[in-house]
Structures are given as structure tokens and as C-alpha cells.
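As stored in my_file05.pdb (PDB, C-alpha atoms, pLDDT in the B column):
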ATOM      1  CA  MET A1469       0.000   0.000   0.000  1.00 52.00           C
ATOM      2  CA  SER A1470       2.904   2.381   0.535  1.00 66.00           C
ATOM      3  CA  ALA A1471       4.175   2.086  -3.058  1.00 84.00           C
ATOM      4  CA  PRO A1472       2.077   5.033  -4.401  1.00 87.00           C
ATOM      5  CA  TRP A1473       3.613   7.343  -1.781  1.00 88.00           C
ATOM      6  CA  ILE A1474       7.098   6.228  -2.725  1.00 89.00           C
ATOM      7  CA  VAL A1475       6.372   6.917  -6.393  1.00 89.00           C
ATOM      8  CA  LEU A1476       4.956  10.351  -5.524  1.00 91.00           C
ATOM      9  CA  ALA A1477       8.021  11.164  -3.414  1.00 91.00           C
ATOM     10  CA  ALA A1478      10.290  10.090  -6.290  1.00 91.00           C
ATOM     11  CA  ILE A1479       8.411  12.342  -8.724  1.00 90.00           C
ATOM     12  CA  VAL A1480       8.762  15.312  -6.374  1.00 89.00           C
ATOM     13  CA  ALA A1481      12.466  14.591  -5.882  1.00 90.00           C
ATOM     14  CA  LEU A1482      13.030  14.421  -9.640  1.00 91.00           C
ATOM     15  CA  ALA A1483      11.130  17.688 -10.131  1.00 86.00           C
ATOM     16  CA  VAL A1484      13.359  19.381  -7.575  1.00 83.00           C
ATOM     17  CA  ALA A1485      16.499  17.918  -9.131  1.00 86.00           C
ATOM     18  CA  TYR A1486      15.667  18.823 -12.733  1.00 89.00           C
ATOM     19  CA  VAL A1487      13.817  22.124 -12.312  1.00 85.00           C
ATOM     20  CA  LEU A1488      14.816  23.830  -9.079  1.00 87.00           C
ATOM     21  CA  LEU A1489      18.525  22.958  -8.877  1.00 88.00           C
ATOM     22  CA  PRO A1490      19.441  24.331 -12.335  1.00 91.00           C
ATOM     23  CA  VAL A1491      17.716  27.633 -11.535  1.00 90.00           C
ATOM     24  CA  VAL A1492      19.427  27.938  -8.165  1.00 91.00           C
ATOM     25  CA  GLY A1493      22.792  26.945  -9.638  1.00 93.00           C
ATOM     26  CA  ALA A1494      22.566  29.455 -12.480  1.00 93.00           C
ATOM     27  CA  VAL A1495      21.775  32.294 -10.066  1.00 92.00           C
ATOM     28  CA  PHE A1496      24.663  31.298  -7.805  1.00 94.00           C
ATOM     29  CA  VAL A1497      27.120  31.304 -10.714  1.00 93.00           C
ATOM     30  CA  ARG A1498      25.774  34.636 -12.005  1.00 90.00           C
ATOM     31  CA  PHE A1499      26.259  36.477  -8.691  1.00 90.00           C
ATOM     32  CA  ARG A1500      29.387  34.870  -7.218  1.00 90.00           C
ATOM     33  CA  ALA A1501      31.928  37.255  -8.812  1.00 90.00           C
ATOM     34  CA  PRO A1502      32.426  40.776  -7.395  1.00 91.00           C
ATOM     35  CA  ARG A1503      31.650  43.726  -9.665  1.00 90.00           C
ATOM     36  CA  GLU A1504      33.018  47.229 -10.200  1.00 90.00           C
ATOM     37  CA  LEU A1505      30.258  49.762  -9.534  1.00 88.00           C
ATOM     38  CA  ALA A1506      29.847  53.434  -8.772  1.00 86.00           C
ATOM     39  CA  CYS A1507      28.828  54.003  -5.163  1.00 85.00           C
ATOM     40  CA  PRO A1508      25.613  56.061  -5.168  1.00 84.00           C
ATOM     41  CA  GLU A1509      26.531  57.724  -1.867  1.00 82.00           C
ATOM     42  CA  THR A1510      30.154  58.705  -2.527  1.00 83.00           C
ATOM     43  CA  GLY A1511      30.371  58.542  -6.320  1.00 85.00           C
ATOM     44  CA  LYS A1512      33.596  56.516  -6.068  1.00 85.00           C
ATOM     45  CA  SER A1513      34.278  53.388  -8.084  1.00 87.00           C
ATOM     46  CA  VAL A1514      34.020  50.436  -5.701  1.00 87.00           C
ATOM     47  CA  ARG A1515      34.335  46.674  -5.843  1.00 90.00           C
ATOM     48  CA  VAL A1516      31.150  45.053  -4.506  1.00 89.00           C
ATOM     49  CA  GLY A1517      30.462  41.365  -3.885  1.00 90.00           C
ATOM     50  CA  ALA A1518      26.944  40.019  -3.438  1.00 90.00           C
ATOM     51  CA  ALA A1519      25.927  37.118  -1.211  1.00 91.00           C
ATOM     52  CA  ALA A1520      25.545  34.542  -3.996  1.00 92.00           C
ATOM     53  CA  GLY A1521      24.232  31.839  -1.668  1.00 93.00           C
ATOM     54  CA  TRP A1522      21.417  34.037  -0.422  1.00 94.00           C
ATOM     55  CA  ALA A1523      20.542  35.143  -3.962  1.00 93.00           C
ATOM     56  CA  ALA A1524      20.415  31.503  -5.105  1.00 93.00           C
ATOM     57  CA  PHE A1525      18.259  30.466  -2.151  1.00 92.00           C
ATOM     58  CA  THR A1526      15.736  33.252  -2.735  1.00 93.00           C
ATOM     59  CA  ALA A1527      15.686  32.531  -6.491  1.00 90.00           C
ATOM     60  CA  ALA A1528      14.061  29.196  -5.690  1.00 86.00           C
ATOM     61  CA  PHE A1529      10.909  31.052  -4.627  1.00 85.00           C
ATOM     62  CA  ARG A1530      10.949  34.391  -6.510  1.00 87.00           C
ATOM     63  CA  HIS A1531      13.272  36.930  -8.121  1.00 88.00           C
ATOM     64  CA  PRO A1532      16.709  36.771  -6.416  1.00 90.00           C
ATOM     65  CA  VAL A1533      17.134  39.083  -3.434  1.00 90.00           C
ATOM     66  CA  LEU A1534      20.602  40.624  -3.368  1.00 90.00           C
ATOM     67  CA  ARG A1535      22.619  41.526  -0.284  1.00 89.00           C
ATOM     68  CA  VAL A1536      26.079  43.070  -0.188  1.00 88.00           C
ATOM     69  CA  LYS A1537      28.590  40.543   1.108  1.00 89.00           C
ATOM     70  CA  ASN A1538      31.647  42.798   0.882  1.00 88.00           C
ATOM     71  CA  CYS A1539      32.571  46.228  -0.425  1.00 86.00           C
ATOM     72  CA  SER A1540      35.892  47.996  -0.917  1.00 86.00           C
ATOM     73  CA  LEU A1541      34.612  50.935   1.186  1.00 83.00           C
ATOM     74  CA  TRP A1542      33.976  48.735   4.222  1.00 79.00           C
ATOM     75  CA  PRO A1543      34.377  48.738   7.224  1.00 81.00           C
ATOM     76  CA  GLY A1544      34.160  52.523   7.285  1.00 78.00           C
ATOM     77  CA  ARG A1545      30.848  52.649   5.402  1.00 77.00           C
ATOM     78  CA  SER A1546      29.396  49.263   6.352  1.00 74.00           C
ATOM     79  CA  ARG A1547      26.071  50.792   7.425  1.00 79.00           C
ATOM     80  CA  CYS A1548      25.253  52.153   3.942  1.00 80.00           C
ATOM     81  CA  GLU A1549      21.849  51.737   2.295  1.00 81.00           C
ATOM     82  CA  GLN A1550      23.295  49.387  -0.362  1.00 81.00           C
ATOM     83  CA  GLY A1551      21.807  51.396  -3.232  1.00 82.00           C
ATOM     84  CA  CYS A1552      24.538  50.020  -5.485  1.00 83.00           C
ATOM     85  CA  LEU A1553      22.611  46.752  -5.763  1.00 83.00           C
ATOM     86  CA  GLU A1554      20.186  48.390  -8.197  1.00 83.00           C
ATOM     87  CA  SER A1555      22.931  48.422 -10.838  1.00 82.00           C
ATOM     88  CA  TYR A1556      24.645  45.200  -9.708  1.00 82.00           C
ATOM     89  CA  GLU A1557      22.867  42.874 -12.160  1.00 80.00           C
ATOM     90  CA  LYS A1558      23.727  45.070 -15.154  1.00 78.00           C
ATOM     91  CA  ALA A1559      27.413  45.445 -14.271  1.00 79.00           C
ATOM     92  CA  LYS A1560      29.975  43.030 -15.639  1.00 77.00           C
ATOM     93  CA  PRO A1561      32.025  40.930 -13.197  1.00 78.00           C
ATOM     94  CA  ALA A1562      35.344  42.482 -12.161  1.00 73.00           C
ATOM     95  CA  ALA A1563      38.495  40.852 -13.465  1.00 66.00           C
TER      96      ALA A1563
END

Once more with this new file: its structure as C-alpha cells, please.
Amino acid sequence: MSAPWIVLAAIVALAVAYVLLPVVGAVFVRFRAPRELACPETGKSVRVGAAAGWAAFTAAFRHPVLRVKNCSLWPGRSRCEQGCLESYEKAKPAA
């Protein structure tokens, strides 16, 4: 009697493996490299890294949510509003 539940669990596991994991993996790869951006508060060119793991996790449920992981202006300006994330997706990864 438990065979239908096993089959259903296998179908769900395959759906996660073939649909969800590629989406999460692609987002992780896209956001793992730091980028050169202009800081909206200071106007300086800065190197900003996003939290790729968090972006990948949130991409499983909706559009990726970005958080600054590190910035070349930190620790002095670590309490900034992180307005640079608006242009983060459009910027090319830093070399």
C-alpha cells in the first residue's frame, strides 16, 4: 500500500532535481563574482560582492534578493543603504 507514496516522493524529488537545482545553480554562478560599480553615496568606483548563496536560495521562490557581502569601502561605510545593488545585475564581473 505504501508504493504510491514512494512513487509520488520520487516524482517530487526528480522535479526538484531537474527544475529547481538548475535555476538555483545558475543564479549562484551569475552572482558569485564581485563587480566594479559606482557608489551612489560617494560617487567613487568600488568593488562590490553580493551574497551569492542568499541570492540563489531566494531565487528558488521568486526573483533573487541581493545583499552586499563585501565592499571595498567597508568597514568605514558598512552601514550604507546598499543602493549600489540596483545596478549590480547590469554590471559586468570584475576581473

Put the listed atoms of segment 1502-1515 of chain A in a box along x, y and z with 8 Å added on every side and give me the centre and edge lengths in Å to one decimal, as AutoDock Vina command-line options.
--center_x 30.0 --center_y 49.7 --center_z -6.0 --size_x 24.7 --size_y 33.9 --size_z 24.3

- Any chance you could resolve the PyMOL selection byres ((chain A and resi 1515) around 7) against this file and give the residues as a ChimeraX atom specification? /A:1502-1505,1514,1516-1517,1539-1540

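Using all atoms listed in the file, the smallest distance between any of A:Ala1485, A:Pro1543, A:Cys1552, A:Ala1527 and Arg1498 of chain A comes from A:Ala1527.
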
Nearby residues (all atoms listed in the file) at most 7 Å from Val1492 of chain A, same-chain spacing under 4 positions excluded, as a compact mmCIF listing (two decimals) with C-alpha atoms, in the frame of the given file:
# COMPACT_ATOMS: atom_id res chain seq x y z
CA LEU A 1488 14.82 23.83 -9.08
CA PHE A 1496 24.66 31.30 -7.80
CA ALA A 1524 20.42 31.50 -5.11
CA PHE A 1525 18.26 30.47 -2.15
CA ALA A 1527 15.69 32.53 -6.49
CA ALA A 1528 14.06 29.20 -5.69

- Query: Looking at all atoms listed in the file, which of A:Leu1553, A:Val1475, A:Val1491, A:Ala1483 is the one that sits closest to Ala1506 of chain A?
  - Reply: A:Leu1553

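Relative to atom CA of Trp1542 of chain A, atom CA of Lys1560 of chain A is found at 21.0 Å.
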
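Distance-wise, atom CA of Val1495 of chain A and atom CA of Gln1550 of chain A end up 19.7 Å apart.
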
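You can rank A:Leu1489, A:Leu1541, A:Ile1474, A:Arg1500 by their closest distance to Phe1529 of chain A using all atoms listed in the file, and at the top of that list sits A:Leu1489.
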
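You will find atom CA of Val1533 of chain A at 15.8 Å from atom CA of Ala1501 of chain A.
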
Which residues are near Arg1535 of chain A? Cut-off 10 Å, all atoms listed in the file, ignore same chain within fewer than 3 positions. Put them as a PDB file with C-alpha atoms, keeping the file's coordinate frame.
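The file below, out-v1.pdb, is the result:
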ATOM      1  CA  GLY A1517      30.462  41.365  -3.885  1.00 90.00           C
ATOM      2  CA  ALA A1518      26.944  40.019  -3.438  1.00 90.00           C
ATOM      3  CA  ALA A1519      25.927  37.118  -1.211  1.00 91.00           C
ATOM      4  CA  ALA A1520      25.545  34.542  -3.996  1.00 92.00           C
ATOM      5  CA  GLY A1521      24.232  31.839  -1.668  1.00 93.00           C
ATOM      6  CA  TRP A1522      21.417  34.037  -0.422  1.00 94.00           C
ATOM      7  CA  ALA A1523      20.542  35.143  -3.962  1.00 93.00           C
ATOM      8  CA  PRO A1532      16.709  36.771  -6.416  1.00 90.00           C
ATOM      9  CA  ASN A1538      31.647  42.798   0.882  1.00 88.00           C
ATOM     10  CA  GLN A1550      23.295  49.387  -0.362  1.00 81.00           C
ATOM     11  CA  LEU A1553      22.611  46.752  -5.763  1.00 83.00           C
TER      12      LEU A1553
END

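Distances here use only C-alpha atoms; by that measure, the residue among A:Lys1558, A:Glu1549, A:Thr1526, A:Ala1471 closest to Gly1493 of chain A is A:Thr1526.
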
Since the input is missing atoms for segment 1541-1555 of chain A, could you rebuild it with N, CA and C atoms and give the result as a tab-separated table (two decimals), in the coordinates of the input?
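Written output follows (selection39.tsv):
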chain	number	residue	atom	x	y	z
A	1541	LEU	N	34.71	49.80	0.27
A	1541	LEU	CA	34.61	50.94	1.19
A	1541	LEU	C	34.38	50.51	2.64
A	1542	TRP	N	34.19	49.21	2.87
A	1542	TRP	CA	33.98	48.74	4.22
A	1542	TRP	C	35.31	48.60	4.92
A	1543	PRO	N	35.40	48.66	6.21
A	1543	PRO	CA	34.38	48.74	7.22
A	1543	PRO	C	33.89	50.16	7.51
A	1544	GLY	N	34.54	51.15	6.96
A	1544	GLY	CA	34.16	52.52	7.28
A	1544	GLY	C	32.73	52.89	6.92
A	1545	ARG	N	32.20	52.32	5.85
A	1545	ARG	CA	30.85	52.65	5.40
A	1545	ARG	C	29.96	51.40	5.39
A	1546	SER	N	30.13	50.53	6.35
A	1546	SER	CA	29.40	49.26	6.35
A	1546	SER	C	27.91	49.42	6.64
A	1547	ARG	N	27.49	50.57	7.12
A	1547	ARG	CA	26.07	50.79	7.42
A	1547	ARG	C	25.36	51.55	6.29
A	1548	CYS	N	25.85	51.43	5.06
A	1548	CYS	CA	25.25	52.15	3.94
A	1548	CYS	C	23.90	51.54	3.58
A	1549	GLU	N	23.18	52.21	2.70
A	1549	GLU	CA	21.85	51.74	2.30
A	1549	GLU	C	21.91	50.70	1.18
A	1550	GLN	N	23.07	50.39	0.67
A	1550	GLN	CA	23.30	49.39	-0.36
A	1550	GLN	C	22.51	49.70	-1.64
A	1551	GLY	N	22.48	50.98	-2.00
A	1551	GLY	CA	21.81	51.40	-3.23
A	1551	GLY	C	22.52	50.93	-4.48
A	1552	CYS	N	23.77	50.50	-4.34
A	1552	CYS	CA	24.54	50.02	-5.48
A	1552	CYS	C	23.96	48.73	-6.06
A	1553	LEU	N	23.16	48.02	-5.29
A	1553	LEU	CA	22.61	46.75	-5.76
A	1553	LEU	C	21.63	46.92	-6.91
A	1554	GLU	N	21.10	48.14	-7.09
A	1554	GLU	CA	20.19	48.39	-8.20
A	1554	GLU	C	20.90	48.21	-9.53
A	1555	SER	N	22.17	48.56	-9.59
A	1555	SER	CA	22.93	48.42	-10.84
A	1555	SER	C	23.82	47.18	-10.85
